[in-house]
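Pasting entry-v9.cif here (mmCIF, C-alpha atoms):
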```cif
data_start
#
loop_
_atom_site.label_atom_id
_atom_site.label_comp_id
_atom_site.auth_asym_id
_atom_site.auth_seq_id
_atom_site.Cartn_x
_atom_site.Cartn_y
_atom_site.Cartn_z
CA MET Y 197 -18.17 -13.64 -5.67
CA GLN Y 198 -16.20 -12.35 -2.70
CA SER Y 199 -16.49 -8.61 -2.09
CA VAL Y 200 -16.54 -6.06 0.71
CA SER Y 201 -18.42 -2.81 1.18
CA GLU Y 202 -16.48 0.20 -0.06
CA ARG Y 203 -17.94 2.21 2.79
CA GLN Y 204 -16.92 -0.30 5.45
CA ALA Y 205 -13.39 -0.43 4.03
CA GLY Y 206 -12.74 3.24 4.80
CA PRO Y 207 -11.17 2.68 8.25
CA ILE Y 208 -8.44 0.59 6.61
CA VAL Y 209 -6.78 3.91 5.75
CA LEU Y 210 -6.63 4.70 9.47
CA ASP Y 211 -5.02 1.29 10.02
CA MET Y 212 -2.42 2.16 7.38
CA ALA Y 213 -1.67 5.46 9.10
CA ALA Y 214 -1.37 3.76 12.48
CA ALA Y 215 1.06 1.21 11.04
CA ILE Y 216 3.31 3.91 9.60
CA VAL Y 217 3.29 5.92 12.82
CA ARG Y 218 4.01 2.79 14.86
CA GLU Y 219 6.92 1.72 12.65
CA GLN Y 220 8.40 5.13 11.88
CA GLY Y 221 11.51 4.34 13.94
CA MET Y 222 12.17 1.15 12.00
CA LEU Y 223 11.66 2.92 8.67
CA SER Y 224 14.02 5.74 9.59
CA GLU Y 225 16.61 3.26 10.85
CA ILE Y 226 16.58 1.45 7.51
CA ASP Y 227 16.76 4.76 5.65
CA GLY Y 228 19.67 5.91 7.78
CA LYS Y 229 21.90 3.14 6.46
CA ILE Y 230 21.95 4.46 2.89
CA GLY Y 231 19.89 7.66 3.03
CA ASP Y 232 19.01 10.67 5.17
CA GLY Y 233 17.35 8.64 7.91
CA ASP Y 234 14.12 10.65 7.82
CA HIS Y 235 11.82 8.36 5.83
CA GLY Y 236 9.84 7.21 8.85
CA ILE Y 237 9.58 10.70 10.30
CA ASN Y 238 8.30 12.25 7.07
CA MET Y 239 5.89 9.42 6.38
CA ALA Y 240 4.50 9.51 9.92
CA LYS Y 241 3.93 13.25 9.64
CA GLY Y 242 1.87 12.91 6.47
CA PHE Y 243 -0.08 9.84 7.49
CA ARG Y 244 -0.86 11.25 10.94
CA LEU Y 245 -2.16 14.46 9.37
CA ALA Y 246 -4.32 12.53 6.90
CA ALA Y 247 -5.72 10.39 9.71
CA ASP Y 248 -6.61 13.49 11.72
CA ARG Y 249 -8.47 14.93 8.74
CA LEU Y 250 -10.38 11.70 8.20
CA ARG Y 251 -11.35 11.36 11.86
CA ALA Y 252 -12.64 14.92 11.80
CA ARG Y 253 -14.89 13.98 8.90
CA GLY Y 254 -16.38 10.98 10.68
CA SER Y 255 -17.69 8.32 8.31
CA PHE Y 256 -15.94 7.78 4.98
CA GLY Y 257 -15.35 5.07 2.41
CA LEU Y 258 -12.09 3.70 1.05
CA ALA Y 259 -12.14 5.97 -2.00
CA HIS Y 260 -12.42 9.12 0.11
CA GLY Y 261 -9.86 7.82 2.59
CA LEU Y 262 -7.29 7.11 -0.10
CA ALA Y 263 -8.02 10.39 -1.88
CA THR Y 264 -7.51 12.33 1.36
CA LEU Y 265 -4.31 10.41 2.03
CA GLY Y 266 -3.07 11.11 -1.48
CA ASP Y 267 -3.86 14.82 -1.30
CA THR Y 268 -2.17 15.12 2.09
CA LEU Y 269 1.00 13.36 1.01
CA LEU Y 270 1.22 15.42 -2.17
CA SER Y 271 0.87 18.70 -0.31
CA ASP Y 272 2.48 18.10 3.07
CA ILE Y 273 5.47 15.77 2.63
CA GLY Y 274 8.74 16.84 1.08
CA GLY Y 275 11.29 14.77 -0.77
CA SER Y 276 10.41 12.06 -3.27
CA MET Y 277 8.10 9.92 -1.15
CA GLY Y 278 5.31 12.49 -0.88
CA PRO Y 279 4.70 12.76 -4.63
CA LEU Y 280 5.21 9.03 -5.20
CA TYR Y 281 2.85 7.79 -2.52
CA GLY Y 282 0.51 10.73 -3.02
CA SER Y 283 0.11 9.91 -6.70
CA CYS Y 284 -0.21 6.20 -5.93
CA PHE Y 285 -3.09 6.61 -3.50
CA THR Y 286 -4.79 9.29 -5.59
CA GLU Y 287 -4.86 6.94 -8.57
CA MET Y 288 -6.02 4.05 -6.40
CA ALA Y 289 -8.92 6.19 -5.21
CA GLY Y 290 -9.76 7.09 -8.79
CA ALA Y 291 -9.85 3.43 -9.77
CA LEU Y 292 -12.72 2.88 -7.33
CA ASP Y 293 -14.78 5.27 -9.47
CA GLY Y 294 -17.88 5.34 -7.31
CA ALA Y 295 -17.95 1.60 -6.65
CA ARG Y 296 -20.16 0.47 -3.77
CA THR Y 297 -18.29 -2.80 -3.32
CA ILE Y 298 -14.69 -3.93 -3.77
CA ASP Y 299 -13.97 -7.32 -5.27
CA ALA Y 300 -10.81 -8.87 -6.72
CA GLU Y 301 -11.36 -7.21 -10.10
CA ARG Y 302 -11.78 -3.76 -8.60
CA PHE Y 303 -8.80 -4.18 -6.28
CA ALA Y 304 -6.65 -5.34 -9.20
CA ALA Y 305 -7.57 -2.13 -11.00
CA MET Y 306 -6.56 -0.14 -7.91
CA LEU Y 307 -3.18 -1.88 -7.77
CA ASP Y 308 -2.57 -1.39 -11.49
CA ALA Y 309 -3.40 2.31 -11.26
CA GLY Y 310 -1.21 2.88 -8.21
CA CYS Y 311 1.72 0.96 -9.62
CA ALA Y 312 1.52 2.75 -12.97
CA ALA Y 313 1.51 6.14 -11.23
CA VAL Y 314 4.60 5.31 -9.19
CA ARG Y 315 6.54 3.92 -12.12
CA GLU Y 316 5.66 6.84 -14.37
CA LEU Y 317 6.50 9.52 -11.82
CA GLY Y 318 9.58 7.89 -10.32
CA ASP Y 319 10.92 6.38 -13.55
CA ALA Y 320 12.00 3.31 -11.56
CA LYS Y 321 11.81 -0.31 -12.59
CA PRO Y 322 12.14 -3.60 -10.70
CA GLY Y 323 15.74 -4.11 -9.63
CA ASP Y 324 16.45 -0.43 -8.96
CA LYS Y 325 16.08 -0.88 -5.17
CA THR Y 326 12.95 1.21 -4.65
CA LEU Y 327 9.36 0.70 -3.52
CA VAL Y 328 8.67 -0.57 -7.05
CA ASP Y 329 10.47 -3.78 -6.05
CA VAL Y 330 7.59 -4.40 -3.66
CA LEU Y 331 4.66 -2.81 -5.47
CA ALA Y 332 5.27 -4.33 -8.91
CA PRO Y 333 5.67 -8.00 -7.85
CA ALA Y 334 2.78 -7.68 -5.39
CA THR Y 335 0.55 -6.31 -8.14
CA ALA Y 336 1.67 -9.07 -10.51
CA ALA Y 337 1.14 -11.82 -7.93
CA PHE Y 338 -2.40 -10.61 -7.26
CA ALA Y 339 -3.11 -10.59 -11.00
CA VAL Y 340 -1.77 -14.13 -11.46
CA ALA Y 341 -3.83 -15.47 -8.56
CA ARG Y 342 -6.91 -13.74 -9.92
CA SER Y 343 -6.33 -15.13 -13.43
CA ASN Y 344 -6.12 -18.59 -11.87
CA GLY Y 345 -9.62 -18.10 -10.51
CA ASP Y 346 -8.51 -17.90 -6.87
CA PRO Y 347 -10.87 -16.24 -4.37
CA PHE Y 348 -10.25 -12.63 -3.40
CA GLU Y 349 -8.84 -13.70 -0.04
CA VAL Y 350 -6.32 -16.04 -1.66
CA CYS Y 351 -5.30 -13.29 -4.09
CA LEU Y 352 -4.64 -11.01 -1.13
CA GLY Y 353 -2.47 -13.69 0.46
CA ALA Y 354 -0.46 -13.97 -2.75
CA LEU Y 355 0.00 -10.20 -2.72
CA MET Y 356 1.32 -10.18 0.84
CA HIS Y 357 3.73 -13.03 0.15
CA ALA Y 358 5.09 -11.32 -2.97
CA ALA Y 359 5.39 -7.97 -1.20
CA ALA Y 360 7.42 -9.48 1.64
CA ALA Y 361 9.66 -11.31 -0.84
CA GLY Y 362 10.08 -8.12 -2.84
CA LEU Y 363 11.22 -6.24 0.23
CA GLU Y 364 13.81 -8.87 1.10
CA SER Y 365 15.07 -8.86 -2.51
CA THR Y 366 16.15 -5.23 -2.15
CA ARG Y 367 18.81 -6.26 0.35
CA ASP Y 368 21.10 -7.59 -2.37
CA MET Y 369 20.38 -4.82 -4.88
CA VAL Y 370 22.50 -1.82 -5.78
CA ALA Y 371 20.47 1.40 -5.75
CA LYS Y 372 19.98 2.81 -9.26
CA VAL Y 373 17.80 5.84 -8.52
CA GLY Y 374 17.50 8.40 -5.75
CA ARG Y 375 20.13 9.59 -3.32
CA ALA Y 376 21.22 6.07 -2.42
CA SER Y 377 22.36 5.54 -6.01
CA ARG Y 378 25.38 7.73 -5.28
CA LEU Y 379 26.69 5.01 -2.99
CA GLY Y 380 26.97 2.45 -5.76
CA GLU Y 381 28.04 -0.94 -4.40
CA ARG Y 382 27.95 0.42 -0.86
CA SER Y 383 24.14 0.45 -1.08
CA ARG Y 384 24.15 -3.33 -1.32
CA GLY Y 385 23.47 -5.27 1.87
CA THR Y 386 20.59 -3.28 3.34
CA LEU Y 387 16.88 -3.05 2.68
CA ASP Y 388 15.33 -0.09 0.90
CA ALA Y 389 13.26 2.15 3.17
CA GLY Y 390 10.64 2.91 0.51
CA ALA Y 391 10.24 -0.78 -0.15
CA ALA Y 392 9.85 -1.35 3.59
CA SER Y 393 7.06 1.20 3.93
CA CYS Y 394 5.37 -0.12 0.80
CA ASN Y 395 5.40 -3.65 2.18
CA LEU Y 396 3.93 -2.39 5.45
CA LEU Y 397 1.16 -0.47 3.68
CA LEU Y 398 0.20 -3.28 1.31
CA ALA Y 399 0.18 -5.83 4.12
CA THR Y 400 -2.01 -3.58 6.28
CA MET Y 401 -4.43 -2.96 3.42
CA ALA Y 402 -4.61 -6.65 2.50
CA ASP Y 403 -5.06 -7.66 6.13
CA GLY Y 404 -7.90 -5.17 6.56
CA LEU Y 405 -9.69 -6.39 3.45
CA THR Y 406 -9.25 -10.01 4.55
CA ARG Y 407 -10.85 -9.24 7.91
CA LEU Y 408 -13.79 -7.58 6.15
CA LEU Y 409 -14.19 -10.58 3.86
CA HIS Y 410 -14.40 -12.85 6.90
CA GLN Y 411 -16.94 -10.55 8.55
CA THR Y 412 -19.03 -10.44 5.39
CA GLN Y 413 -18.96 -14.23 5.08
CA ASP Y 414 -19.94 -14.66 8.74
CA GLN Y 415 -22.85 -12.25 8.29
CA GLN Y 416 -24.02 -14.07 5.17
CA HIS Y 417 -23.86 -17.43 6.92
CA GLY Y 418 -25.76 -16.00 9.87
CA THR Y 419 -28.47 -14.63 7.61
CA GLN Y 420 -28.78 -17.95 5.80
CA GLY Y 421 -29.09 -19.77 9.12
CA VAL Y 422 -31.89 -17.49 10.27
CA SER Y 423 -33.76 -17.86 6.97
CA ARG Y 424 -33.80 -21.62 7.36
#
```
Conversion result in structure tokens:
Amino acid sequence: MQSVSERQAGPIVLDMAAAIVREQGMLSEIDGKIGDGDHGINMAKGFRLAADRLRARGSFGLAHGLATLGDTLLSDIGGSMGPLYGSCFTEMAGALDGARTIDAERFAAMLDAGCAAVRELGDAKPGDKTLVDVLAPATAAFAVARSNGDPFEVCLGALMHAAAAGLESTRDMVAKVGRASRLGERSRGTLDAGAASCNLLLATMADGLTRLLHQTQDQQHGTQGVSR
């Protein structure tokens, strides 16, 4: 069974923060077309602060990293994104529940918990032009791949593909919730900023886990070679 160390997966949260900070201009540009144009700025503020707190701690696992990220976003970011992402990552951390390793089953539970938190708090559904249009299909695609018996790595690939497709699907949607909903048909024709940041975060998380899976496999093969 493919799995990675929960402890070794902690730095993935720093990768997620770095991705948000790096792409904050792009996220704000997207948001500026149908919103206030501050999505990237606000997200970068919260993720940078969380990363600083984690670096000050030193070593940490994925559960602690996500919990710290969730707490920071809940307490230090205004607007709707702070509570939504904060609740998402807090619930993801809770789904780890002291696990020492992360496999496809455990990661599926994390996705389910995060998605449920976002949908409950934001009252959004697929088609409303929100981050749910990325998170929900990505979660579903991972579940389908897992039910087919695909390896963890393949499930992560399915997640990334569905997340990217979900982001692109928001371009032709009319916003149904949030400030952009006031624009009606004028919100059609551009991507949703929340969906864009969600795609970026899921892709970064999946990429980090995939790298760890490869490292774990290489180490196992090396150990087997030595034992022979």
Between Y:Cys311, Y:Leu270, Y:Cys351, Y:Val217, which has the minimum distance to Leu405 of chain Y (counting all atoms listed in the file)?
->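 Comparing Y:Cys311, Y:Leu270, Y:Cys351, Y:Val217 against Leu405 of chain Y, the winner is Y:Cys351.
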Tell me which protein, DNA and RNA residues are within 8 Å of segment 295-305 of chain Y, counting only C-alpha atoms, leaving out same-chain ones fewer than 2 positions away, and put them as a PyMOL selection string.
-> chain Y and resi 197-203+288+291-293+307-309+335+338-339+342+347-348+351
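The environment of Leu396 of chain Y within 9 Å, counting all atoms listed in the file and disregarding residues fewer than 6 places along the same chain, consists of Met212, Ala215, Ile216, Glu219, Ala359 and Ala360 of chain Y.
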Would you kindly return, as a ChimeraX atom specification, each protein, DNA or RNA residue with an atom no farther than 8 Å from any atom of segment 378-385 of chain Y, considering only C-alpha atoms and excluding same-chain residues fewer than 2 positions away?
-> /Y:230,367-372,374-376,387
Quick one: of Y:Met239, Y:Ala213, Y:Ala334, Y:Ala320, who's nearest to Ala402 of chain Y, counting all atoms listed in the file?
-> Y:Ala334
Measure the distance from atom CA of Leu317 of chain Y to atom CA of His357 of chain Y in Å and round it to one decimal.
-> 25.7 Å
Can you list what the PyMOL selection byres ((chain Y and resi 331) around 9) grabs from this structure, as a ChimeraX atom specification?
-> /Y:307,310-311,314,327-330,332-336,358-359,362,391,394-395,398
One decimal place gives the atom CA of Arg244 of chain Y-atom CA of Asp388 of chain Y separation as 22.2 Å
Name the residues captured by the PyMOL selection byres ((chain Y and resi 259) around 8) when it is applied to the shown file; answer as a list in words.
->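 Checking the PyMOL selection byres ((chain Y and resi 259) around 8) against this file, the residues are Glu202, Gly206, Gly257, Leu258, His260, Gly261, Leu262, Ala263, Met288, Ala289, Gly290, Leu292, Asp293 and Gly294 of chain Y.
Among the candidate residues Y:Ala312, Y:Leu210, Y:Ala341, Y:Met306, the one lying nearest to Leu280 of chain Y is Y:Ala312, with distances computed using only C-alpha atoms.
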For Ser224 of chain Y: contacts at 6 Å, all atoms listed in the file, fewer than 2 positions along chain excluded, given as a ChimeraX atom specification = /Y:221-222,226-228,233-236
Could you jot down the atom CA of Lys241 of chain Y to atom CA of Thr286 of chain Y separation for me, Å, one decimal place?
-> 18.0 Å
Of the candidates Y:Ala389, Y:Leu355, Y:Val209, Y:Cys284, which shows the shortest atom-to-atom distance to Leu250 of chain Y, using only C-alpha atoms?
->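 Of all the options, Y:Val209 lies closest to Leu250 of chain Y.
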The centre and edge lengths of an axis-aligned box containing all atoms of segment 228-243 of chain Y present in the file, extended by 3 Å on each side, are to be given in Å to one decimal, as AutoDock Vina command-line options.
```
--center_x 10.9 --center_y 8.2 --center_z 6.6 --size_x 28.0 --size_y 16.1 --size_z 13.4
```
With distances taken over all atoms listed in the file, the candidate from Y:Ser283, Y:Ser377, Y:Gln415, Y:Thr264 nearest Arg249 of chain Y is Y:Thr264
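Close contacts of Arg407 of chain Y, defined as residues with an atom at most 10 Å away when counting only C-alpha atoms, with chain neighbours fewer than 6 positions off set aside, comprise Val200, Ala205, Glu349 and Gln413 of chain Y.
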